[in-house]
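This is query38.txt (compact mmCIF, C-alpha atoms).
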# COMPACT_ATOMS: atom_id res chain seq x y z
CA MET Q 23 0.00 0.00 0.00
CA THR Q 24 1.31 3.43 -0.91
CA PRO Q 25 1.95 5.45 2.26
CA HIS Q 26 -0.04 8.66 2.71
CA PRO Q 27 2.18 11.67 1.95
CA ARG Q 28 3.25 13.74 4.92
CA SER Q 29 1.92 17.24 5.31
CA GLU Q 30 2.43 20.12 7.70
CA HIS Q 31 -0.60 18.80 9.56
CA ASP Q 32 1.47 15.77 10.61
CA ASP Q 33 3.66 18.12 12.63
CA LEU Q 34 0.75 18.79 14.95
CA GLY Q 35 1.73 15.72 16.92
CA GLY Q 36 -1.39 13.65 16.34
CA LEU Q 37 -3.84 16.41 17.16
CA GLU Q 38 -6.19 15.21 14.41
CA SER Q 39 -8.98 17.53 15.47
CA ARG Q 40 -11.11 19.93 13.49
CA SER Q 41 -9.20 22.78 15.09
CA ALA Q 42 -5.83 21.34 14.09
CA ARG Q 43 -6.95 20.86 10.50
CA ALA Q 44 -8.38 24.37 10.37
CA LEU Q 45 -5.13 25.78 11.76
CA SER Q 46 -3.03 23.97 9.18
CA THR Q 47 -5.23 25.10 6.28
CA ALA Q 48 -5.34 28.70 7.47
CA LEU Q 49 -1.57 28.81 7.95
CA ASP Q 50 -0.92 27.29 4.52
CA ARG Q 51 -2.96 30.02 2.86
CA ALA Q 52 -1.55 32.82 4.96
CA VAL Q 53 2.14 32.06 4.49
CA SER Q 54 1.79 31.60 0.72
CA ILE Q 55 1.31 35.33 0.10
CA PRO Q 56 3.66 36.45 -2.72
CA SER Q 57 6.63 38.61 -1.74
CA THR Q 58 5.62 41.07 -4.46
CA THR Q 59 2.35 41.62 -2.61
CA VAL Q 60 4.22 42.33 0.62
CA HIS Q 61 6.57 44.78 -1.08
CA ALA Q 62 3.73 46.56 -2.87
CA TYR Q 63 1.88 46.93 0.43
CA VAL Q 64 4.91 48.44 2.18
CA GLN Q 65 5.52 50.83 -0.70
CA ARG Q 66 1.85 51.89 -0.69
CA ILE Q 67 2.04 52.78 3.00
CA ARG Q 68 5.30 54.65 2.37
CA ARG Q 69 3.69 56.69 -0.40
CA ARG Q 70 0.90 57.66 1.97
CA HIS Q 71 3.46 58.78 4.55
CA PRO Q 72 6.52 59.88 2.55
CA ARG Q 73 8.24 61.54 5.52
CA ALA Q 74 7.80 58.60 7.88
CA THR Q 75 10.89 57.09 9.50
CA PRO Q 76 11.15 53.28 9.70
CA GLN Q 77 9.77 53.35 13.24
CA GLN Q 78 6.88 55.57 12.19
CA LEU Q 79 6.19 53.31 9.20
CA VAL Q 80 5.98 50.30 11.51
CA ALA Q 81 3.48 52.25 13.65
CA HIS Q 82 1.39 52.93 10.52
CA LEU Q 83 1.53 49.21 9.65
CA GLU Q 84 0.37 48.35 13.16
CA ARG Q 85 -2.62 50.69 12.99
CA GLN Q 86 -3.62 49.45 9.54
CA TYR Q 87 -3.38 45.84 10.71
CA LEU Q 88 -5.46 46.43 13.84
CA ARG Q 89 -8.17 48.12 11.78
CA ALA Q 90 -8.25 45.13 9.44
CA VAL Q 91 -8.54 42.43 12.10
CA THR Q 92 -11.10 44.43 14.09
CA GLY Q 93 -13.26 45.25 11.11
CA SER Q 94 -13.46 41.66 9.86
CA GLY Q 95 -13.85 40.00 13.25
CA GLY Q 96 -17.59 40.13 13.89
CA ALA Q 97 -18.93 37.45 11.55
CA VAL Q 98 -18.66 34.59 14.03
CA GLY Q 99 -20.66 36.32 16.74
CA VAL Q 100 -23.29 37.53 14.27
CA ALA Q 101 -23.69 34.04 12.82
CA ALA Q 102 -24.14 32.53 16.26
CA ALA Q 103 -26.93 35.00 17.03
CA VAL Q 104 -29.00 34.40 13.87
CA PRO Q 105 -32.03 32.18 14.61
CA GLY Q 106 -32.10 28.98 12.56
CA LEU Q 107 -28.46 29.17 11.46
CA GLY Q 108 -26.92 25.81 12.25
CA THR Q 109 -23.59 25.09 13.90
CA GLY Q 110 -22.21 23.86 10.59
CA ALA Q 111 -22.78 27.26 8.99
CA GLY Q 112 -21.23 28.95 12.01
CA ILE Q 113 -18.19 26.72 11.74
CA ALA Q 114 -17.81 27.53 8.05
CA ILE Q 115 -17.88 31.26 8.84
CA SER Q 116 -15.43 30.69 11.68
CA ALA Q 117 -13.03 28.96 9.34
CA GLY Q 118 -13.21 31.93 7.00
CA GLU Q 119 -12.49 34.28 9.89
CA VAL Q 120 -9.48 32.20 10.91
CA THR Q 121 -8.11 32.38 7.37
CA ALA Q 122 -8.69 36.14 7.19
CA PHE Q 123 -7.03 36.71 10.56
CA PHE Q 124 -3.94 34.68 9.70
CA GLY Q 125 -3.75 36.27 6.24
CA ALA Q 126 -3.76 39.77 7.70
CA SER Q 127 -1.27 38.72 10.38
CA ALA Q 128 1.09 37.20 7.83
CA LEU Q 129 0.99 40.33 5.66
CA PHE Q 130 1.68 42.50 8.70
CA SER Q 131 4.58 40.45 10.06
CA LEU Q 132 6.22 40.13 6.64
CA ALA Q 133 5.78 43.87 6.06
CA VAL Q 134 7.56 44.57 9.35
CA ALA Q 135 10.31 42.16 8.27
CA SER Q 136 10.64 44.13 5.04
CA VAL Q 137 11.10 47.39 6.95
CA HIS Q 138 13.91 45.65 8.85
CA GLY Q 139 15.56 44.65 5.57
CA ILE Q 140 14.58 40.98 5.70
CA GLU Q 141 12.83 39.14 2.89
CA VAL Q 142 11.71 35.56 3.43
CA ASP Q 143 10.24 33.40 0.67
CA ASP Q 144 10.49 30.10 2.53
CA VAL Q 145 6.98 29.17 3.72
CA ALA Q 146 8.27 27.13 6.69
CA ARG Q 147 10.14 30.17 8.05
CA ARG Q 148 7.13 32.35 7.43
CA ARG Q 149 5.00 29.86 9.34
CA ALA Q 150 7.38 29.98 12.30
CA LEU Q 151 7.32 33.80 12.32
CA LEU Q 152 3.51 33.91 12.17
CA LEU Q 153 2.88 31.29 14.85
CA ALA Q 154 5.49 32.68 17.24
CA SER Q 155 4.11 36.20 16.82
CA VAL Q 156 0.55 35.03 17.52
CA LEU Q 157 1.72 33.16 20.63
CA GLY Q 158 3.52 36.26 21.95
CA VAL Q 159 5.81 35.70 24.95
CA ALA Q 160 5.15 31.96 24.89
CA GLY Q 161 6.15 31.84 21.21
CA ALA Q 162 9.41 33.67 21.87
CA GLU Q 163 10.19 31.29 24.74
CA LEU Q 164 9.55 28.26 22.54
CA VAL Q 165 11.84 29.68 19.84
CA ARG Q 166 14.54 30.16 22.47
CA ALA Q 167 14.13 26.64 23.83
CA GLU Q 168 14.02 24.88 20.46
CA ALA Q 169 16.43 27.00 18.41
CA GLY Q 170 18.69 28.44 21.09
CA ILE Q 171 17.88 31.99 19.99
CA PRO Q 172 17.44 34.77 22.60
CA THR Q 173 13.83 35.86 23.12
CA SER Q 174 14.65 39.48 22.24
CA ALA Q 175 14.79 40.34 18.50
CA TRP Q 176 14.88 36.66 17.56
CA ALA Q 177 13.32 36.96 14.10
CA ARG Q 178 16.44 37.83 12.09
CA ALA Q 179 18.38 34.81 13.32
CA LEU Q 180 15.46 32.42 12.88
CA LEU Q 181 14.53 33.70 9.43
CA THR Q 182 17.99 34.03 7.91
CA SER Q 183 20.36 31.55 9.55
CA ALA Q 184 18.56 28.74 11.39
CA PRO Q 185 18.92 25.32 9.69
CA SER Q 186 15.80 23.93 8.02
CA GLY Q 187 15.71 21.05 10.50
CA THR Q 188 15.49 23.54 13.34
CA ILE Q 189 12.70 25.41 11.57
CA LYS Q 190 10.70 22.19 11.18
CA ARG Q 191 11.12 21.37 14.87
CA VAL Q 192 10.17 24.89 15.94
CA ASN Q 193 7.05 24.82 13.74
CA GLY Q 194 5.90 21.54 15.22
CA VAL Q 195 6.26 22.80 18.78
CA LEU Q 196 4.60 26.15 18.03
CA ALA Q 197 1.65 24.53 16.25
CA ARG Q 198 1.04 22.02 19.04
CA ARG Q 199 1.18 24.77 21.65
CA PHE Q 200 -1.29 26.91 19.74
CA VAL Q 201 -3.81 24.10 19.20
CA LYS Q 202 -3.54 22.85 22.77
CA ARG Q 203 -3.98 26.36 24.15
CA GLN Q 204 -7.28 26.75 22.33
CA ALA Q 205 -8.46 23.20 23.02
CA THR Q 206 -8.04 23.76 26.76
CA LYS Q 207 -9.54 27.28 26.55
CA GLU Q 208 -6.39 28.86 27.91
CA GLY Q 209 -7.06 32.58 28.28
CA ALA Q 210 -10.24 34.62 28.05
CA LEU Q 211 -10.20 34.79 24.25
CA ALA Q 212 -10.76 31.05 23.95
CA VAL Q 213 -14.30 31.39 25.32
CA SER Q 214 -16.80 31.41 22.45
CA ARG Q 215 -20.31 30.75 21.29
CA LEU Q 216 -18.87 28.05 19.01
CA ALA Q 217 -17.03 25.96 21.58
CA PRO Q 218 -16.57 22.88 19.31
CA PHE Q 219 -14.49 24.97 16.95
CA GLY Q 220 -11.69 26.12 19.23
CA ILE Q 221 -9.73 28.29 16.80
CA GLY Q 222 -12.61 29.97 15.03
CA ALA Q 223 -13.97 30.75 18.47
CA LEU Q 224 -11.25 33.31 18.96
CA ILE Q 225 -12.07 35.54 16.05
CA GLY Q 226 -14.86 37.88 17.15
CA ALA Q 227 -15.20 41.64 17.04
CA VAL Q 228 -13.45 42.03 20.39
CA GLY Q 229 -11.30 38.92 20.20
CA GLY Q 230 -9.94 39.87 16.78
CA ARG Q 231 -8.58 43.17 18.05
CA ALA Q 232 -7.23 41.61 21.23
CA MET Q 233 -5.41 38.93 19.25
CA GLY Q 234 -4.23 41.59 16.82
CA LYS Q 235 -2.65 43.53 19.67
CA ALA Q 236 -0.92 40.34 20.78
CA VAL Q 237 0.50 39.89 17.26
CA VAL Q 238 1.69 43.51 17.20
CA ALA Q 239 3.45 43.00 20.53
CA GLY Q 240 4.86 39.68 19.33
CA ALA Q 241 6.25 41.25 16.16
CA ALA Q 242 7.83 44.09 18.15
CA ARG Q 243 9.49 41.51 20.38
CA ALA Q 244 10.56 39.41 17.40
CA PHE Q 245 12.24 42.20 15.43
CA GLY Q 246 13.21 44.72 18.08
CA PRO Q 247 13.40 48.47 17.36
CA ALA Q 248 13.08 49.52 13.74
CA PRO Q 249 16.30 50.59 11.99
CA LEU Q 250 17.16 54.28 11.94
CA ALA Q 251 17.04 54.39 8.14
CA PHE Q 252 15.53 52.33 5.36
CA PRO Q 253 17.88 49.89 3.57
CA ALA Q 254 19.71 51.72 0.79
CA ALA Q 255 19.06 48.96 -1.74
CA GLY Q 256 15.31 48.81 -1.13
CA PRO Q 257 12.87 47.49 1.45
CA ALA Q 258 14.50 44.07 1.79
CA ILE Q 259 18.25 43.37 1.69
CA GLU Q 260 18.53 39.97 3.37
CA SER Q 261 16.84 37.20 1.46
CA ILE Q 262 16.46 33.50 1.97
CA SER Q 263 14.76 30.93 -0.21
CA HIS Q 264 13.55 27.48 0.74
CA ARG Q 265 16.72 25.83 -0.65
CA VAL Q 266 19.41 28.01 0.87
CA ILE Q 267 19.90 26.41 4.26
CA GLU Q 268 19.85 22.70 4.96
CA GLY Q 269 20.05 21.16 8.36

Show me, as structure tokens, the structure contained in the file I just sent.
Amino acid sequence: MTPHPRSEHDDLGGLESRSARALSTALDRAVSIPSTTVHAYVQRIRRRHPRATPQQLVAHLERQYLRAVTGSGGAVGVAAAVPGLGTGAGIAISAGEVTAFFGASALFSLAVASVHGIEVDDVARRRALLLASVLGVAGAELVRAEAGIPTSAWARALLTSAPSGTIKRVNGVLARRFVKRQATKEGALAVSRLAPFGIGALIGAVGGRAMGKAVVAGAARAFGPAPLAFPAAGPAIESISHRVIEG
């Protein structure tokens, strides 16, 4: 019998739940955003604020991101309140909200990386950045424990120099922590009208903004202070592809 091909979902350590599958699908979509889209987004914000310093540009990116995740976060709660709308429909809307949240979070974190002169095309490294940012302090601690990288301004080392084997291990640990945190309702944001769908439960009008603030804080911790000036050669001067580093 031909063995079933491995996927990123296998790295969730056997958590074959609806939440785990939803997480894997949402992450896959989010981290596949083209680099050209990221660069165009950063340049658009720069054109709106031509005198902004790198630190001020990051602040503009943060505000734009928080508006996005707050504005799109109410569908789950609305669906749960509509008479006659079944749980299945609510779950489908929740899944869409999860995908939208991770998509906005990926664009934001990669845009901040661009301001710092880092371009990352490797989807596994992007996944690690996104998950660790969403997990906040816990994510930074897991990166330190698994990759031996300090919890302060860890993103550059993880994204540009960590071996691919380390990235795979970090992703597995981060994904399991995220799924388990929601499954056990760790934290106030895990409480939801759609309890069977642990991840989608998080994305509500209030929860979306609260999680967005956590991602903003996680990105600030991951990258540290913005550079004093933009990279002379463009928005991204350090680049890594999925075949550069083996480990």

*Taking (9.8, 41.6, 12.4) in the file's coordinates, which residues come within 6 Å, counting only C-alpha atoms, written as a VMD selection string?*
chain Q and resid 131 134 to 135 241 244 to 245

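If all atoms listed in the file are the atoms counted, then among Q:Arg43, Q:Arg51, Q:Arg198, Q:Arg85 the closest residue to Q:Ile67 is Q:Arg85.
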
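Using all atoms listed in the file, the shortest contact distance between Q:Ala160 and any of Q:Gly139, Q:Pro72, Q:Gly240, Q:Gly246 is found at Q:Gly240.
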
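For the pair atom CA of Q:Arg147 and atom CA of Q:Leu181, the separation is 5.8 Å.
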
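As for atom CA of Q:Thr182 and atom CA of Q:Thr59, they are spaced 20.3 Å apart.
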
With the input short on atoms, add N, CA and C atoms back to stretch 155-174 of chain Q and write it as a compact mmCIF listing (two decimals), in the frame of the given file.
# COMPACT_ATOMS: atom_id res chain seq x y z
N SER Q 155 4.65 34.86 16.57
CA SER Q 155 4.11 36.20 16.82
C SER Q 155 2.73 36.11 17.46
N VAL Q 156 1.89 35.19 16.97
CA VAL Q 156 0.55 35.03 17.52
C VAL Q 156 0.61 34.54 18.97
N LEU Q 157 1.59 33.70 19.28
CA LEU Q 157 1.72 33.16 20.63
C LEU Q 157 2.37 34.14 21.60
N GLY Q 158 2.96 35.22 21.09
CA GLY Q 158 3.52 36.26 21.95
C GLY Q 158 4.72 35.79 22.77
N VAL Q 159 4.69 36.05 24.07
CA VAL Q 159 5.81 35.70 24.95
C VAL Q 159 6.07 34.20 24.91
N ALA Q 160 4.99 33.41 24.92
CA ALA Q 160 5.15 31.96 24.89
C ALA Q 160 5.84 31.52 23.61
N GLY Q 161 5.51 32.18 22.49
CA GLY Q 161 6.15 31.84 21.21
C GLY Q 161 7.64 32.14 21.24
N ALA Q 162 7.99 33.30 21.78
CA ALA Q 162 9.41 33.67 21.87
C ALA Q 162 10.17 32.68 22.76
N GLU Q 163 9.54 32.24 23.84
CA GLU Q 163 10.19 31.29 24.74
C GLU Q 163 10.39 29.94 24.06
N LEU Q 164 9.41 29.52 23.26
CA LEU Q 164 9.55 28.26 22.54
C LEU Q 164 10.65 28.34 21.48
N VAL Q 165 10.76 29.49 20.81
CA VAL Q 165 11.84 29.68 19.84
C VAL Q 165 13.19 29.59 20.54
N ARG Q 166 13.28 30.21 21.71
CA ARG Q 166 14.54 30.16 22.47
C ARG Q 166 14.88 28.72 22.86
N ALA Q 167 13.88 28.00 23.36
CA ALA Q 167 14.13 26.64 23.83
C ALA Q 167 14.49 25.69 22.69
N GLU Q 168 13.82 25.82 21.55
CA GLU Q 168 14.02 24.88 20.46
C GLU Q 168 15.17 25.25 19.53
N ALA Q 169 15.42 26.55 19.37
CA ALA Q 169 16.43 27.00 18.41
C ALA Q 169 17.65 27.62 19.08
N GLY Q 170 17.57 27.84 20.39
CA GLY Q 170 18.69 28.44 21.09
C GLY Q 170 18.91 29.90 20.73
N ILE Q 171 17.81 30.58 20.37
CA ILE Q 171 17.88 31.99 19.99
C ILE Q 171 17.31 32.84 21.12
N PRO Q 172 17.97 33.92 21.53
CA PRO Q 172 17.44 34.77 22.60
C PRO Q 172 16.03 35.26 22.28
N THR Q 173 15.23 35.48 23.32
CA THR Q 173 13.83 35.86 23.12
C THR Q 173 13.67 37.29 22.63
N SER Q 174 14.72 38.10 22.71
CA SER Q 174 14.65 39.48 22.24
C SER Q 174 15.19 39.57 20.82
